[in-house]
Every structure is written in structure tokens, then in C-alpha cells.
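Contents: one structure, followed by commentary.
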Amino acid sequence: MPPLKTPSGLAADAAVRAYLHGRTMPPVLYDAIVWAVGMRISAGKLPLLDETLTNDIDNHAVATRARLLMAVQPTSPPCPPAHRDAGREPLSAEGI
């Protein structure tokens with residue numbers, strides 16, 4: 001059974017998950033980054049995710065299969081704009 005997380009550990013986990021935004025990474029690296037963020041929270045350091053940590057996450061995180069498939073799904077083309085005279089009677093030269 002995994003150990004219970006402290007409040008700073010829970011906050012660190014939430015911060016890293018939010019930064020990942022659906023991406024995944026190797027569990028060992030994920031746990032190390034959560035631990036580092038937890039230490040920053042406990043020490044009162046800001047930002048929680050500094051440049052080194054975000055670079056590590058970005059270098060090792062991969063999009064999940066569902067996110068990859070969502071990006072390549074075809075979309076319907078936009079509807080052409082309605083003609084400005086649509087629905088009006090045809091103009092004639094008599095009234096000119």
C-alpha cells in the first residue's frame with residue numbers, strides 16, 4: 001500500500017498534474033518531480049514549478065494516445081458566409 005500523502009504532497013501532485021495537462025511521463029520521474037515540488041511548498045519557495053522542473057517535465061512528458069487522436073480528427077469546414085442580399089427580391093433596372 002502506498003504511503004499516505006501529506007498536504008504539501010497532495011498540493012505538489014495537483015500542481016504537476018495541472019502542468020502536465022493530460023500528458024504522461026515515466027512514474028519514477030513523475031514521483032521525483034512531485035517530491036521536489038513538495039519540498040518547494042514546504043520551504044515556501046515560489047514558483048512551485050521553476051524553469052528546471054518545467055524543462056524536465058516538457059522533455060519527458062508525452063501526449064496520451066487520446067490527445068494525439070483528438071488533434072488529427074477531421075473537422076467540418078466552416079459554413080460560407082450568407083450573401084448580403086439573401087432573402088430579398090431581385091433588383092430590377094426599372095426603379096433606377
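To be explicit about the labels: the chains of the C-alpha cells are called A, B, and onward in the order shown, and within each one the residues are counted from 1, while ligands get numbers from 1 in the order they are shown.
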Any idea what's packed within 12 Å of Arg40 (chain A), counting only C-alpha atoms, ignoring anything in its chain fewer than 2 positions away? Could you give it as a PDB file with C-alpha atoms, in the first residue's frame?
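Full text of around.pdb as output:
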```
ATOM      1  CA  SER A   8       2.179  19.543   0.650  1.00  0.00           C
ATOM      2  CA  GLY A   9       2.487  16.259  -1.256  1.00  0.00           C
ATOM      3  CA  ALA A  11      -0.679  20.079  -3.463  1.00  0.00           C
ATOM      4  CA  ALA A  12       2.514  19.163  -5.331  1.00  0.00           C
ATOM      5  CA  ALA A  15       0.378  21.245  -9.415  1.00  0.00           C
ATOM      6  CA  ILE A  33       9.207  15.962  -9.627  1.00  0.00           C
ATOM      7  CA  VAL A  34       6.248  15.736  -7.228  1.00  0.00           C
ATOM      8  CA  TRP A  35       8.726  15.256  -4.377  1.00  0.00           C
ATOM      9  CA  ALA A  36      10.758  18.297  -5.495  1.00  0.00           C
ATOM     10  CA  VAL A  37       7.627  20.446  -5.755  1.00  0.00           C
ATOM     11  CA  GLY A  38       6.520  19.213  -2.318  1.00  0.00           C
ATOM     12  CA  SER A  42       7.267  23.026   2.472  1.00  0.00           C
ATOM     13  CA  ALA A  43      10.083  25.589   2.193  1.00  0.00           C
ATOM     14  CA  GLY A  44       7.712  28.313   0.983  1.00  0.00           C
ATOM     15  CA  LYS A  45       9.586  28.763  -2.309  1.00  0.00           C
ATOM     16  CA  LEU A  46       7.912  30.262  -5.355  1.00  0.00           C
ATOM     17  CA  PRO A  47       7.353  29.479  -8.146  1.00  0.00           C
ATOM     18  CA  LEU A  48       6.401  25.909  -7.340  1.00  0.00           C
ATOM     19  CA  LEU A  49       7.408  24.751 -10.808  1.00  0.00           C
ATOM     20  CA  ASP A  50      10.640  26.551 -11.635  1.00  0.00           C
ATOM     21  CA  LEU A  53      11.322  21.404 -13.278  1.00  0.00           C
TER      22      LEU A  53
END
```
Distance of CA of Thr6 (chain A) from CA of Asp58 (chain A), expressed in Å to one decimal place
25.7 Å
Record the distance separating CA of Arg23 (chain A) and CA of His60 (chain A), expressed in Å with one decimal.
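Straight-line distance from CA of Arg23 (chain A) to CA of His60 (chain A) works out to 9.6 Å.
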Name the closest residue to Tyr19 (chain A) among the candidates A:Pro7, A:Ile41, A:Ala32, A:Thr54; distances are taken between atoms, counting only C-alpha atoms.
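For Tyr19 (chain A), the nearest of the given residues is A:Thr54.
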At what distance in Å, to one decimal, does CA of Lys5 (chain A) lie from CA of Leu29 (chain A)?
17.3 Å
